[in-house]
Amino acid sequence: MHPSQPTAGRLLPATSLSFGMTLIMAIACGVAVANIYYNQPMLVIMEAAFPGQESIIGLVPTATQLGYALGLLFLVPLGDRIERKRLILTQFAALSVSLIGVALAPDAWSIVAASIVLGVTASVTQQILPFAAELSEPSRRGATIGTVMSGLLCGILLGRVLAGAIGERYGWRAMFWVGLAMAVVMWTILALLLPRSQPKAHTSYATLIKSLFGFWRDLPELRRATITQACVFASFSALWTTLALYLDAEYHLSAQVAGLFGLVGAAGVLFAPIAGKVSDQRGPHVVIKFACFVMVVSWLVLGMWGMIAGLVVGIVALDFGAQSAQVSNQHIIQALRPEARNRLNAILMGGMFLGGAAGSACASLAWKTLGWSGVSALGIALAAIALTVQARRRT
């Protein structure tokens, strides 16, 4: 057998991670994570489908992100203990079942409950990312993470485009059936091509979860990266949770148009691999500080430039900042404890999506009470907190 071919129970050598395999892992991340964002451009459509329950439907984005955070904290650590291919395939199968649950949900509270489960199972994305980092050469780890993150970020942004288009023409339930079809196709591809791994830890599940607290206590770089990323993603989520509502109220634009703004944000995805390369060469902290500053400026543009052109410029800048910060924070934590990459990733991404859920909830409240100016002020404050956390780092 050729030395670069995967064998059962053995981890691929670092040099064997081809571009093709990296691309497959990137696409898998995008397909999985897109499921937790389908609801955002379709909120107006979903609210219209359940008259009198609009406030409950408004909880769906927060419920989905909260479920994702729970999956990150309680499922992702298993990647250090269980063979990763088997775990990834199991979670993709569970994701398929949860999509059926959302598509068939009979009332608003059922959608909220099913959305939590959907979020939990979609955390399979964060089983794939540390696997790619482990298979990569250390000198190219930042670039590999950047490529896989590009797939994940494309899923976040382009999923909104697809949901807006399908939801507008065929109804919101149709989008989740389409998501089911994509999940099944991706499961098949991964079953055929994904290499096997060698688990790094042999401790009990309870010990794995308990170790999360020890890592948080002992690794200041992990704490800083997690707090920064939580604020960054809260700021990012504030925009995308309320954008469809703002476009409908201010410009009378449809869910399809709101989804198309995902294409605008996707322009920033091009910078994710570049951010990874700069992190390899100049260090990730430089990239993170610049990214947070860009996000502050982007919210000033979004809040003060009251035209569609201002939205376009602000969204591109905001997504560039959010993506660059995430790639660089991943670079930091993946180098801290190689034997515990899944658990460190669980802490970072769990904190990130708890921040995202809080950002979505606060943005919904700000929208109802203060309108777009309140949402903009919230976004600025969150990005400024992230910048302050990074600025206080001792060099």
# chains A, B, ... in the order shown; residues from 1 in each chain; ligands from 1
>>> residues_around(residues="Ala366 (chain A)", least_positions_apart="3", cutoff="12 Å", atoms="only C-alpha atoms", output="list in words")
Ala238, Leu239, Thr241, Thr242, Tyr246, Ala358, Gly359, Ser360, Ala361, Cys362, Ala363, Thr369, Leu370, Gly371, Trp372, Ser373, Gly374, Val375, Ser376, Ala377, Leu378 and Gly379 of chain A
>>> residues_around(residues="Val316 (chain A)", least_positions_apart="2", cutoff="7 Å", atoms="only C-alpha atoms", output="PyMOL selection string")
chain A and resi 264-265+267-268+312-314+318-320
>>> residues_around(residues="Leu162 (chain A)", least_positions_apart="2", cutoff="8 Å", atoms="only C-alpha atoms", output="PyMOL selection string")
chain A and resi 38+158-160+164-166+175+259
>>> closest_residue(among="A:Met349, A:Ile315, A:Ile145, A:Leu387", to="Val286 (chain A)", atoms="only C-alpha atoms")
A:Leu387
>>> residues_around(residues="region 30-35 of chain A", least_positions_apart="2", cutoff="9 Å", atoms="only C-alpha atoms", output="PyMOL selection string")
chain A and resi 25-28+37-39+92+95+99+118-119+121-125+148-160+176+179+182-183+186
>>> select_by_dssp(residues="region 38-250 of chain A", states="helix (DSSP H, G or I)", output="NGL selection string")
:A and (43-49 or 54-57 or 60-74 or 76-80 or 84-103 or 108-122 or 125-135 or 138-170 or 172-193 or 205-218 or 220-250)
>>> closest_atom_pairs(of="region 94-139 of chain A", to="region 197-215 of chain A", cutoff="12 Å", atoms="only C-alpha atoms", output="tab-separated table")
residue	atom	partner	partner_atom	distance
A:Gln127	CA	A:Ser197	CA	11.8
A:Ile128	CA	A:Ser197	CA	11.5
A:Pro130	CA	A:Ser197	CA	11.6
A:Phe131	CA	A:Ser197	CA	8.4
A:Ala132	CA	A:Ser197	CA	10.9
A:Glu134	CA	A:Ser197	CA	9.9
A:Leu135	CA	A:Ser197	CA	9.5
>>> atom_distance(atom1="CA of Leu180 (chain A)", atom2="CA of Asp107 (chain A)")
20.0 Å
>>> closest_residue(among="A:Val102, A:Ile116, A:Leu194, A:Val297", to="Ser18 (chain A)", atoms="only C-alpha atoms")
A:Leu194
>>> residues_around(residues="Leu336 (chain A)", least_positions_apart="3", cutoff="12 Å", atoms="only C-alpha atoms", output="PyMOL selection string")
chain A and resi 215-216+218-223+225+329-333+339-345
>>> atom_distance(atom1="CA of Ala108 (chain A)", atom2="CA of Ser364 (chain A)")
17.2 Å
>>> atom_distance(atom1="CA of Val76 (chain A)", atom2="CA of Gln334 (chain A)")
14.1 Å
>>> closest_residue(among="A:Ile288, A:Leu192, A:Val327, A:Ala383", to="Leu89 (chain A)", atoms="only C-alpha atoms")
A:Leu192
